[in-house]
$ cat my_file_27.pdb   # PDB, C-alpha atoms and all ligand atoms
ATOM      1  CA  MET A 123      89.510 126.933 109.542
ATOM      2  CA  THR A 124      90.194 123.178 109.700
ATOM      3  CA  ASP A 125      89.530 120.729 112.594
ATOM      4  CA  GLN A 126      93.238 120.791 113.284
ATOM      5  CA  ASP A 127      93.050 124.568 113.491
ATOM      6  CA  SER A 128      90.278 124.585 116.035
ATOM      7  CA  LYS A 129      92.162 122.012 118.166
ATOM      8  CA  ARG A 130      95.147 124.340 118.190
ATOM      9  CA  GLY A 131      92.753 127.085 119.169
ATOM     10  CA  GLY A 132      91.370 130.097 117.394
ATOM     11  CA  GLY A 133      92.679 129.170 113.984
ATOM     12  CA  SER A 134      96.239 128.446 112.999
ATOM     13  CA  GLY A 135      97.264 128.560 109.364
ATOM     14  CA  VAL A 136      98.202 131.697 107.509
ATOM     15  CA  LEU A 137      96.023 134.801 107.529
ATOM     16  CA  ILE A 138      96.469 136.776 104.321
ATOM     17  CA  TRP A 139      94.799 140.059 103.416
ATOM     18  CA  PRO A 140      95.602 142.625 100.714
ATOM     19  CA  THR A 141      97.992 144.643 102.909
ATOM     20  CA  GLY A 142      99.408 142.014 105.244
ATOM     21  CA  ARG A 143     100.078 138.460 106.284
ATOM     22  CA  LEU A 144     100.343 136.617 109.600
ATOM     23  CA  ASP A 145     101.593 133.046 109.883
ATOM     24  CA  PHE A 146     100.005 131.237 112.804
ATOM     25  CA  SER A 147     101.229 127.797 111.739
ATOM     26  CA  ALA A 148     103.661 127.604 114.690
ATOM     27  CA  GLY A 149     100.990 128.897 117.097
ATOM     28  CA  CYS A 150     100.680 132.095 119.122
ATOM     29  CA  LEU A 151     102.320 135.316 117.849
ATOM     30  CA  VAL A 152     103.600 138.396 119.660
ATOM     31  CA  MET A 153     102.230 141.917 119.132
ATOM     32  CA  GLY A 154     104.660 144.611 120.319
ATOM     33  CA  ILE A 155     103.252 147.722 122.013
ATOM     34  CA  LEU A 156     104.330 151.153 120.796
ATOM     35  CA  ASN A 157     102.626 153.954 122.686
ATOM     36  CA  VAL A 158     103.290 157.371 121.193
ATOM     37  CA  THR A 159     101.831 159.080 124.260
ATOM     38  CA  PRO A 160     103.029 161.208 127.171
ATOM     39  CA  ASP A 161     100.999 159.260 129.744
ATOM     40  CA  SER A 162     100.667 155.513 129.050
ATOM     41  CA  PHE A 163     100.864 153.574 132.295
ATOM     42  CA  SER A 164     104.104 151.796 131.424
ATOM     43  CA  ASP A 165     105.913 153.390 128.473
ATOM     44  CA  GLY A 166     104.310 156.870 128.603
ATOM     45  CA  GLY A 167     106.667 159.635 127.462
ATOM     46  CA  GLN A 168     109.366 157.221 126.253
ATOM     47  CA  PHE A 169     108.356 157.309 122.586
ATOM     48  CA  LEU A 170     106.688 160.694 122.117
ATOM     49  CA  ASP A 171     109.601 161.663 119.912
ATOM     50  CA  ALA A 172     108.800 160.203 116.481
ATOM     51  CA  GLY A 173     112.397 159.191 115.805
ATOM     52  CA  ARG A 174     112.652 157.207 119.039
ATOM     53  CA  ALA A 175     109.252 155.649 118.439
ATOM     54  CA  VAL A 176     110.227 154.462 114.961
ATOM     55  CA  GLU A 177     113.503 153.085 116.294
ATOM     56  CA  HIS A 178     111.677 151.147 119.019
ATOM     57  CA  GLY A 179     109.040 149.862 116.592
ATOM     58  CA  LEU A 180     111.683 148.654 114.154
ATOM     59  CA  ALA A 181     113.633 147.060 117.014
ATOM     60  CA  MET A 182     110.528 145.135 118.115
ATOM     61  CA  ALA A 183     109.971 143.967 114.534
ATOM     62  CA  SER A 184     113.579 142.830 114.209
ATOM     63  CA  LYS A 185     113.303 140.917 117.504
ATOM     64  CA  GLY A 186     110.386 138.999 116.026
ATOM     65  CA  ALA A 187     107.203 140.884 116.868
ATOM     66  CA  ALA A 188     104.651 139.720 114.295
ATOM     67  CA  ILE A 189     102.629 142.942 114.652
ATOM     68  CA  VAL A 190     103.507 146.386 116.004
ATOM     69  CA  ASP A 191     100.534 148.082 117.687
ATOM     70  CA  VAL A 192     100.766 151.873 117.577
ATOM     71  CA  GLY A 193      98.634 153.807 120.054
ATOM     72  CA  ALA A 194      98.396 157.576 120.464
ATOM     73  CA  GLU A 195      95.898 157.707 123.341
ATOM     74  CA  SER A 196      96.438 156.170 126.750
ATOM     75  CA  THR A 197      93.394 154.218 127.922
ATOM     76  CA  ARG A 198      94.739 153.511 131.400
ATOM     77  CA  PRO A 199      92.173 153.740 134.207
ATOM     78  CA  GLY A 200      91.176 157.368 134.774
ATOM     79  CA  SER A 201      92.477 158.620 131.416
ATOM     80  CA  SER A 202      90.609 161.117 129.219
ATOM     81  CA  PRO A 203      90.064 160.943 125.442
ATOM     82  CA  VAL A 204      92.671 162.522 123.146
ATOM     83  CA  PRO A 205      91.281 164.551 120.188
ATOM     84  CA  SER A 206      91.578 162.971 116.723
ATOM     85  CA  ASP A 207      93.950 165.600 115.361
ATOM     86  CA  GLU A 208      96.350 165.099 118.263
ATOM     87  CA  GLN A 209      96.283 161.288 117.854
ATOM     88  CA  ILE A 210      96.936 161.784 114.132
ATOM     89  CA  ARG A 211      99.794 164.194 114.828
ATOM     90  CA  ARG A 212     101.425 161.691 117.174
ATOM     91  CA  ALA A 213     100.879 158.435 115.309
ATOM     92  CA  ILE A 214     100.939 159.085 111.569
ATOM     93  CA  PRO A 215     104.604 160.080 111.059
ATOM     94  CA  VAL A 216     105.616 157.000 113.055
ATOM     95  CA  ILE A 217     103.394 154.647 111.046
ATOM     96  CA  LYS A 218     104.541 156.159 107.741
ATOM     97  CA  ALA A 219     108.224 155.803 108.607
ATOM     98  CA  MET A 220     107.839 152.237 109.882
ATOM     99  CA  ALA A 221     105.668 151.090 106.996
ATOM    100  CA  GLY A 222     108.341 152.324 104.591
ATOM    101  CA  GLN A 223     110.958 150.139 106.250
ATOM    102  CA  VAL A 224     109.361 146.842 107.360
ATOM    103  CA  LYS A 225     106.738 144.410 106.125
ATOM    104  CA  THR A 226     105.612 143.636 109.704
ATOM    105  CA  PRO A 227     101.910 144.509 109.925
ATOM    106  CA  ILE A 228     101.263 147.682 111.901
ATOM    107  CA  SER A 229      98.011 147.951 113.805
ATOM    108  CA  ILE A 230      96.460 151.191 114.965
ATOM    109  CA  ASP A 231      95.163 151.102 118.529
ATOM    110  CA  THR A 232      92.220 153.477 118.330
ATOM    111  CA  HIS A 233      88.445 153.651 118.558
ATOM    112  CA  ASP A 234      88.420 156.872 116.558
ATOM    113  CA  VAL A 235      87.444 156.298 112.926
ATOM    114  CA  GLN A 236      89.287 159.388 111.661
ATOM    115  CA  VAL A 237      92.501 158.214 113.298
ATOM    116  CA  ALA A 238      92.018 154.693 111.932
ATOM    117  CA  GLN A 239      91.453 156.040 108.408
ATOM    118  CA  ALA A 240      94.595 158.215 108.575
ATOM    119  CA  ALA A 241      96.612 155.278 109.946
ATOM    120  CA  LEU A 242      95.452 152.908 107.207
ATOM    121  CA  ASP A 243      96.275 155.570 104.596
ATOM    122  CA  ALA A 244      99.751 155.892 106.147
ATOM    123  CA  GLY A 245     100.458 152.162 105.902
ATOM    124  CA  ALA A 246      98.850 150.501 108.936
ATOM    125  CA  SER A 247      97.134 147.243 108.050
ATOM    126  CA  MET A 248      95.047 146.330 111.110
ATOM    127  CA  VAL A 249      92.662 148.086 113.505
ATOM    128  CA  ASN A 250      92.763 147.408 117.244
ATOM    129  CA  ASP A 251      89.520 148.828 118.621
ATOM    130  CA  ILE A 252      89.107 148.717 122.414
ATOM    131  CA  THR A 253      85.434 149.633 121.955
ATOM    132  CA  ALA A 254      84.812 146.689 119.598
ATOM    133  CA  LEU A 255      83.233 148.683 116.748
ATOM    134  CA  ALA A 256      81.007 150.838 118.965
ATOM    135  CA  ASP A 257      81.114 153.263 116.036
ATOM    136  CA  ASP A 258      79.444 151.665 112.984
ATOM    137  CA  ARG A 259      81.733 153.669 110.728
ATOM    138  CA  MET A 260      84.706 151.711 112.081
ATOM    139  CA  ALA A 261      83.133 148.428 110.944
ATOM    140  CA  ARG A 262      82.505 149.894 107.505
ATOM    141  CA  LEU A 263      86.066 151.244 107.301
ATOM    142  CA  ALA A 264      87.638 147.900 108.230
ATOM    143  CA  ALA A 265      85.386 146.069 105.773
ATOM    144  CA  LYS A 266      86.135 148.482 102.932
ATOM    145  CA  SER A 267      89.871 148.477 103.661
ATOM    146  CA  GLN A 268      89.843 144.661 103.949
ATOM    147  CA  VAL A 269      91.881 144.675 107.172
ATOM    148  CA  PRO A 270      91.696 142.515 110.299
ATOM    149  CA  VAL A 271      90.139 143.986 113.451
ATOM    150  CA  VAL A 272      90.653 143.328 117.136
ATOM    151  CA  LEU A 273      87.422 143.569 119.135
ATOM    152  CA  MET A 274      88.009 144.145 122.843
ATOM    153  CA  HIS A 275      85.589 143.984 125.754
ATOM    154  CA  MET A 276      85.439 146.889 128.187
ATOM    155  CA  GLN A 277      82.916 147.673 130.914
ATOM    156  CA  GLY A 278      82.376 151.450 131.063
ATOM    157  CA  THR A 279      84.965 153.911 129.751
ATOM    158  CA  PRO A 280      88.624 154.371 130.699
ATOM    159  CA  ALA A 281      87.641 157.407 132.808
ATOM    160  CA  THR A 282      85.353 155.378 135.066
ATOM    161  CA  MET A 283      85.888 151.681 134.334
ATOM    162  CA  GLN A 284      87.736 150.789 137.549
ATOM    163  CA  THR A 285      85.274 152.533 139.892
ATOM    164  CA  LYS A 286      83.200 149.459 140.658
ATOM    165  CA  PRO A 287      83.229 146.844 137.912
ATOM    166  CA  THR A 288      80.321 144.441 138.456
ATOM    167  CA  TYR A 289      79.182 141.338 136.596
ATOM    168  CA  GLY A 290      76.541 138.646 137.127
ATOM    169  CA  ASP A 291      78.095 135.958 134.958
ATOM    170  CA  LEU A 292      81.476 137.448 134.079
ATOM    171  CA  VAL A 293      82.727 135.054 131.414
ATOM    172  CA  GLY A 294      79.259 134.583 129.910
ATOM    173  CA  GLU A 295      78.703 138.342 129.638
ATOM    174  CA  VAL A 296      82.112 139.103 128.144
ATOM    175  CA  LEU A 297      81.765 136.237 125.673
ATOM    176  CA  ALA A 298      78.232 137.243 124.663
ATOM    177  CA  PHE A 299      79.352 140.833 124.057
ATOM    178  CA  LEU A 300      82.296 139.749 121.914
ATOM    179  CA  LEU A 301      80.194 137.306 119.902
ATOM    180  CA  GLU A 302      77.601 140.013 119.258
ATOM    181  CA  ARG A 303      80.272 142.460 118.077
ATOM    182  CA  ALA A 304      81.965 139.758 116.001
ATOM    183  CA  ALA A 305      78.615 139.130 114.306
ATOM    184  CA  LYS A 306      78.311 142.875 113.705
ATOM    185  CA  ALA A 307      81.771 142.857 112.110
ATOM    186  CA  GLN A 308      80.803 140.003 109.825
ATOM    187  CA  ALA A 309      77.497 141.646 108.930
ATOM    188  CA  ALA A 310      79.483 144.726 107.882
ATOM    189  CA  GLY A 311      81.547 142.546 105.552
ATOM    190  CA  ILE A 312      84.630 141.609 107.610
ATOM    191  CA  PRO A 313      85.301 137.878 107.154
ATOM    192  CA  LYS A 314      85.420 135.754 110.324
ATOM    193  CA  GLU A 315      89.095 134.905 109.920
ATOM    194  CA  ARG A 316      89.936 138.617 110.118
ATOM    195  CA  VAL A 317      88.141 139.074 113.440
ATOM    196  CA  PHE A 318      90.142 138.766 116.671
ATOM    197  CA  ILE A 319      88.384 138.794 120.048
ATOM    198  CA  ASP A 320      89.951 140.047 123.279
ATOM    199  CA  PRO A 321      88.547 139.757 126.838
ATOM    200  CA  GLY A 322      90.040 143.178 127.689
ATOM    201  CA  ILE A 323      92.258 142.490 130.682
ATOM    202  CA  GLY A 324      92.071 145.456 133.087
ATOM    203  CA  PHE A 325      89.255 147.250 131.274
ATOM    204  CA  GLY A 326      86.468 147.442 133.864
ATOM    205  CA  LYS A 327      87.773 144.392 135.730
ATOM    206  CA  THR A 328      89.065 143.709 139.221
ATOM    207  CA  THR A 329      92.062 141.457 139.766
ATOM    208  CA  GLU A 330      89.648 138.569 140.446
ATOM    209  CA  HIS A 331      87.795 139.298 137.200
ATOM    210  CA  ASN A 332      91.053 139.286 135.231
ATOM    211  CA  LEU A 333      92.097 135.980 136.775
ATOM    212  CA  ALA A 334      88.718 134.380 136.101
ATOM    213  CA  LEU A 335      88.811 135.456 132.447
ATOM    214  CA  LEU A 336      92.339 134.104 132.029
ATOM    215  CA  ARG A 337      91.365 130.850 133.756
ATOM    216  CA  ASP A 338      88.529 130.394 131.230
ATOM    217  CA  LEU A 339      90.390 131.633 128.165
ATOM    218  CA  ASN A 340      89.736 128.271 126.487
ATOM    219  CA  ARG A 341      86.046 129.275 126.263
ATOM    220  CA  PHE A 342      87.029 132.255 124.125
ATOM    221  CA  VAL A 343      89.278 130.070 121.982
ATOM    222  CA  ALA A 344      86.436 127.563 121.555
ATOM    223  CA  THR A 345      84.382 130.211 119.710
ATOM    224  CA  GLY A 346      86.600 129.663 116.672
ATOM    225  CA  TYR A 347      87.656 133.317 116.551
ATOM    226  CA  ARG A 348      91.324 134.066 117.000
ATOM    227  CA  VAL A 349      91.928 135.335 120.533
ATOM    228  CA  LEU A 350      94.229 138.227 121.453
ATOM    229  CA  VAL A 351      95.178 138.922 125.082
ATOM    230  CA  GLY A 352      96.843 142.036 126.513
ATOM    231  CA  PRO A 353      98.084 141.328 130.050
ATOM    232  CA  SER A 354     101.438 143.095 129.755
ATOM    233  CA  ARG A 355     102.731 144.714 132.978
ATOM    234  CA  LYS A 356      99.146 145.414 134.075
ATOM    235  CA  ARG A 357      98.055 146.361 137.559
ATOM    236  CA  PHE A 358      96.672 142.927 138.546
ATOM    237  CA  ILE A 359     100.189 141.531 138.114
ATOM    238  CA  GLY A 360     101.474 144.288 140.404
ATOM    239  CA  GLN A 361      98.782 143.477 142.937
ATOM    240  CA  ILE A 362      99.703 139.794 143.028
ATOM    241  CA  THR A 363     103.473 140.273 143.089
ATOM    242  CA  GLY A 364     103.653 143.490 145.107
ATOM    243  CA  ARG A 365     105.560 145.175 142.253
ATOM    244  CA  ASP A 366     104.471 148.818 142.000
ATOM    245  CA  ASN A 367     106.659 149.712 139.048
ATOM    246  CA  PRO A 368     105.208 148.334 135.776
ATOM    247  CA  ALA A 369     108.753 147.708 134.462
ATOM    248  CA  ASP A 370     109.243 145.206 137.315
ATOM    249  CA  ARG A 371     106.276 143.085 136.184
ATOM    250  CA  VAL A 372     108.049 141.213 133.398
ATOM    251  CA  PHE A 373     108.205 137.799 135.110
ATOM    252  CA  GLY A 374     104.577 138.126 136.152
ATOM    253  CA  THR A 375     103.697 138.990 132.548
ATOM    254  CA  ALA A 376     105.680 135.974 131.345
ATOM    255  CA  THR A 377     103.559 133.671 133.501
ATOM    256  CA  VAL A 378     100.345 135.022 132.038
ATOM    257  CA  VAL A 379     101.736 134.837 128.496
ATOM    258  CA  ALA A 380     102.755 131.183 128.925
ATOM    259  CA  LEU A 381      99.292 130.284 130.202
ATOM    260  CA  CYS A 382      97.636 132.211 127.342
ATOM    261  CA  VAL A 383      99.663 130.183 124.849
ATOM    262  CA  ALA A 384      98.702 126.980 126.662
ATOM    263  CA  ALA A 385      95.030 127.958 126.434
ATOM    264  CA  GLY A 386      95.247 128.546 122.673
ATOM    265  CA  ALA A 387      95.555 132.322 122.326
ATOM    266  CA  SER A 388      96.629 133.454 118.857
ATOM    267  CA  VAL A 389      98.272 136.758 119.827
ATOM    268  CA  VAL A 390      99.695 138.240 123.026
ATOM    269  CA  ARG A 391     100.113 142.030 123.196
ATOM    270  CA  VAL A 392     103.270 142.862 125.153
ATOM    271  CA  HIS A 393     105.882 145.523 125.950
ATOM    272  CA  ASP A 394     108.861 143.160 126.439
ATOM    273  CA  VAL A 395     109.068 141.637 122.987
ATOM    274  CA  ALA A 396     112.385 139.770 123.143
ATOM    275  CA  ALA A 397     111.624 138.157 126.509
ATOM    276  CA  MET A 398     108.037 137.230 125.594
ATOM    277  CA  ILE A 399     109.092 135.722 122.279
ATOM    278  CA  ASP A 400     111.218 133.244 124.245
ATOM    279  CA  VAL A 401     108.282 132.546 126.567
ATOM    280  CA  VAL A 402     105.945 132.031 123.623
ATOM    281  CA  LYS A 403     108.392 129.762 121.781
ATOM    282  CA  VAL A 404     108.861 127.468 124.789
ATOM    283  CA  ALA A 405     105.143 127.422 125.626
ATOM    284  CA  ARG A 406     104.314 126.673 121.959
ATOM    285  CA  ALA A 407     106.823 123.834 121.918
ATOM    286  CA  ILE A 408     105.198 122.235 124.971
ATOM    287  CA  ARG A 409     101.741 122.710 123.558
TER     288      ARG A 409
HETATM  289  N1  LIG A 501      95.456 147.209 126.597
HETATM  290  C1  LIG A 501      95.863 148.494 126.498
HETATM  291  C2  LIG A 501      95.715 149.193 125.286
HETATM  292  N2  LIG A 501      95.188 148.594 124.188
HETATM  293  N3  LIG A 501      94.262 146.706 123.163
HETATM  294  C3  LIG A 501      93.836 145.443 123.236
HETATM  295  N4  LIG A 501      93.309 144.841 122.163
HETATM  296  N5  LIG A 501      93.930 144.707 124.403
HETATM  297  C4  LIG A 501      94.456 145.239 125.536
HETATM  298  O1  LIG A 501      94.498 144.542 126.587
HETATM  299  C5  LIG A 501      94.917 146.594 125.505
HETATM  300  C6  LIG A 501      94.791 147.302 124.262
HETATM  301  C7  LIG A 501      96.442 149.173 127.682
HETATM  302  O2  LIG A 501      97.824 148.979 127.765
HETATM  303  P1  LIG A 501      98.919 150.011 127.270
HETATM  304  O3  LIG A 501      98.768 150.326 125.830
HETATM  305  O4  LIG A 501     100.236 149.461 127.649
HETATM  306  O5  LIG A 501      98.684 151.303 128.152
HETATM  307  P2  LIG A 501      97.951 152.698 127.909
HETATM  308  O6  LIG A 501      96.506 152.454 127.627
HETATM  309  O7  LIG A 501      98.163 153.446 129.198
HETATM  310  O8  LIG A 501      98.617 153.383 126.741
END
$ encode --input "my_file_27.pdb" --output "structure tokens" --more "lines below"
Ligand code: HH2
Amino acid sequence: MTDQDSKRGGGSGVLIWPTGRLDFSAGCLVMGILNVTPDSFSDGGQFLDAGRAVEHGLAMASKGAAIVDVGAESTRPGSSPVPSDEQIRRAIPVIKAMAGQVKTPISIDTHDVQVAQAALDAGASMVNDITALADDRMARLAAKSQVPVVLMHMQGTPATMQTKPTYGDLVGEVLAFLLERAAKAQAAGIPKERVFIDPGIGFGKTTEHNLALLRDLNRFVATGYRVLVGPSRKRFIGQITGRDNPADRVFGTATVVALCVAAGASVVRVHDVAAMIDVVKVARAIR
């Protein structure tokens, strides 16, 4: 990473690994969300059919998503874990079909090492782990497979995380956790440039916590790790705007995305790919 890179935030340049490539030279990139689940908070049930999921994934790639993030387990507040074999049954045919048709890197959104292994075998080329390598085997798998990893902060588990999230020094604690897990990733053999850190918007956080983390996003960028943020259509946006239906939170999401780009984020994880690509392009141009 050059000086110029760290000024732009989190590393620009081109990230190349044996099974993929991401070009950050223009700035922040868009990750499109593809939930192959019956119960995700926003797109649950829409893409359970593999054919429709593949179609949507390919459409996001053709609209300019730099990464398509496939998830087979909802982690919305109050959700329960989905067994590995069920995640594999949902996600693998979709990953296989997409990987056969586009070069766009596919990430697997899972904290389950068996699911991650099956996804990488099927053609995925990144791991998005909301537990930030809680399972040592996940660190070893990512290192051996030479793929990038997203390390996300969460307080508690999806089942209980919104009960009463509490912090002393919110930003300090989230940062310290991510730096510790990033060090763990590197110790396992994952190079720094392949490690993305994510403050985990909505994962054991009140609206105020989410806003404070977003306000201080530059502190995450200043670590030198690439920063990924996932604000899309989340509840805090509904709370601020009074929009109960996640699909009505697109303008609110756009505001957060623009400010993430301004703060130097490298990737934003979103549902509304075409709209957010415009937001990102304009915000990048200003930056
Ligand atoms: N948010 C969700 C899922 N995975 N991964 C990262 N790295 N960062 C995030 O903020 C993040 C994530 C939750 O959103 P979604 O996938 O839309 O919903 P659900 O968990 O209900 O499937």
$ resolve_selection --input "my_file_27.pdb" --expression "the PyMOL selection byres (((chain A and resi 155-160) around 8) and not hetatm)" --output "list in words"
Met153, Gly154, Asp161, Ser162, Asp165, Gly166, Gly167, Gln168, Phe169, Leu170, Asp171, Ala172, Ala175, His178, Gly179, Val190, Asp191, Val192, Gly193, Ala194, Glu195, Ser196, Arg212, Ala213, Arg391, Val392 and His393 of chain A
$ resolve_selection --input "my_file_27.pdb" --expression "the PyMOL selection byres (((chain A and resi 136-147) around 10) and not hetatm)" --output "list in words"
Asp127, Arg130, Gly132, Gly133, Ser134, Gly135, Ala148, Gly149, Cys150, Leu151, Ala188, Ile189, Lys225, Thr226, Pro227, Ile228, Leu242, Gly245, Ala246, Ser247, Met248, Ser267, Gln268, Val269, Pro270, Glu315, Arg316, Ser388 and Val389 of chain A
$ residues_around --input "my_file_27.pdb" --residues "A:His233" --least-positions-apart "5" --cutoff "12 Å" --atoms "all atoms listed in the file" --output "PyMOL selection string"
chain A and resi 193-197+203-206+209+238-239+241+249-261+263-264+271-274+279
$ residues_around --input "my_file_27.pdb" --residues "stretch 340-355 of chain A" --least-positions-apart "5" --cutoff "8 Å" --atoms "all atoms listed in the file" --output "VMD selection string"
chain A and resid 128 131 to 133 164 272 297 314 to 315 317 to 324 360 368 to 372 374 to 375 378 to 379 382 385 to 393
$ write_last_selection --input "my_file_27.pdb" --atoms "C-alpha atoms" --output "PDB file, keeping the file's coordinate frame"
ATOM      1  CA  SER A 128      90.278 124.585 116.035  1.00  0.00           C
ATOM      2  CA  GLY A 131      92.753 127.085 119.169  1.00  0.00           C
ATOM      3  CA  GLY A 132      91.370 130.097 117.394  1.00  0.00           C
ATOM      4  CA  GLY A 133      92.679 129.170 113.984  1.00  0.00           C
ATOM      5  CA  SER A 164     104.104 151.796 131.424  1.00  0.00           C
ATOM      6  CA  VAL A 272      90.653 143.328 117.136  1.00  0.00           C
ATOM      7  CA  LEU A 297      81.765 136.237 125.673  1.00  0.00           C
ATOM      8  CA  LYS A 314      85.420 135.754 110.324  1.00  0.00           C
ATOM      9  CA  GLU A 315      89.095 134.905 109.920  1.00  0.00           C
ATOM     10  CA  VAL A 317      88.141 139.074 113.440  1.00  0.00           C
ATOM     11  CA  PHE A 318      90.142 138.766 116.671  1.00  0.00           C
ATOM     12  CA  ILE A 319      88.384 138.794 120.048  1.00  0.00           C
ATOM     13  CA  ASP A 320      89.951 140.047 123.279  1.00  0.00           C
ATOM     14  CA  PRO A 321      88.547 139.757 126.838  1.00  0.00           C
ATOM     15  CA  GLY A 322      90.040 143.178 127.689  1.00  0.00           C
ATOM     16  CA  ILE A 323      92.258 142.490 130.682  1.00  0.00           C
ATOM     17  CA  GLY A 324      92.071 145.456 133.087  1.00  0.00           C
ATOM     18  CA  GLY A 360     101.474 144.288 140.404  1.00  0.00           C
ATOM     19  CA  PRO A 368     105.208 148.334 135.776  1.00  0.00           C
ATOM     20  CA  ALA A 369     108.753 147.708 134.462  1.00  0.00           C
ATOM     21  CA  ASP A 370     109.243 145.206 137.315  1.00  0.00           C
ATOM     22  CA  ARG A 371     106.276 143.085 136.184  1.00  0.00           C
ATOM     23  CA  VAL A 372     108.049 141.213 133.398  1.00  0.00           C
ATOM     24  CA  GLY A 374     104.577 138.126 136.152  1.00  0.00           C
ATOM     25  CA  THR A 375     103.697 138.990 132.548  1.00  0.00           C
ATOM     26  CA  VAL A 378     100.345 135.022 132.038  1.00  0.00           C
ATOM     27  CA  VAL A 379     101.736 134.837 128.496  1.00  0.00           C
ATOM     28  CA  CYS A 382      97.636 132.211 127.342  1.00  0.00           C
ATOM     29  CA  ALA A 385      95.030 127.958 126.434  1.00  0.00           C
ATOM     30  CA  GLY A 386      95.247 128.546 122.673  1.00  0.00           C
ATOM     31  CA  ALA A 387      95.555 132.322 122.326  1.00  0.00           C
ATOM     32  CA  SER A 388      96.629 133.454 118.857  1.00  0.00           C
ATOM     33  CA  VAL A 389      98.272 136.758 119.827  1.00  0.00           C
ATOM     34  CA  VAL A 390      99.695 138.240 123.026  1.00  0.00           C
ATOM     35  CA  ARG A 391     100.113 142.030 123.196  1.00  0.00           C
ATOM     36  CA  VAL A 392     103.270 142.862 125.153  1.00  0.00           C
ATOM     37  CA  HIS A 393     105.882 145.523 125.950  1.00  0.00           C
TER      38      HIS A 393
END
$ resolve_selection --input "my_file_27.pdb" --expression "the PyMOL selection byres (((chain A and resi 186) around 8) and not hetatm)" --output "ChimeraX atom specification"
/A:152,182-185,187-188,395-396,399
$ atom_distance --input "my_file_27.pdb" --atom1 "atom CA of A:Gln284" --atom2 "atom CA of A:Thr328"
7.4 Å
$ axis_aligned_box --input "my_file_27.pdb" --around "ligand LIG 501 (chain A)" --padding-each-side "5 Å" --output "lines of an AutoDock Vina configuration file"
center_x = 96.8
center_y = 149.0
center_z = 125.7
size_x = 16.9
size_y = 18.9
size_z = 17.0
$ closest_residue --input "my_file_27.pdb" --among "A:Met276, A:Ala384, A:Ala397, A:Ile408" --to "ligand LIG 501 (chain A)" --atoms "all atoms listed in the file"
A:Met276
$ closest_residue --input "my_file_27.pdb" --among "A:Thr377, A:Gln308, A:Thr282, A:Ser229" --to "ligand LIG 501 (chain A)" --atoms "only C-alpha atoms and all ligand atoms"
A:Ser229
$ atom_distance --input "my_file_27.pdb" --atom1 "atom CA of A:Ala334" --atom2 "atom CA of A:Lys306"
26.1 Å
$ closest_residue --input "my_file_27.pdb" --among "A:Leu180, A:Val402, A:Leu381, A:Leu300" --to "A:Val224" --atoms "all atoms listed in the file"
A:Leu180
$ atom_distance --input "my_file_27.pdb" --atom1 "atom CA of A:Ser202" --atom2 "atom CA of A:Ala221"
28.7 Å
$ closest_residue --input "my_file_27.pdb" --among "A:Ala376, A:Ala281, A:Ala309, A:Leu301" --to "ligand LIG 501 (chain A)" --atoms "only C-alpha atoms and all ligand atoms"
A:Ala281
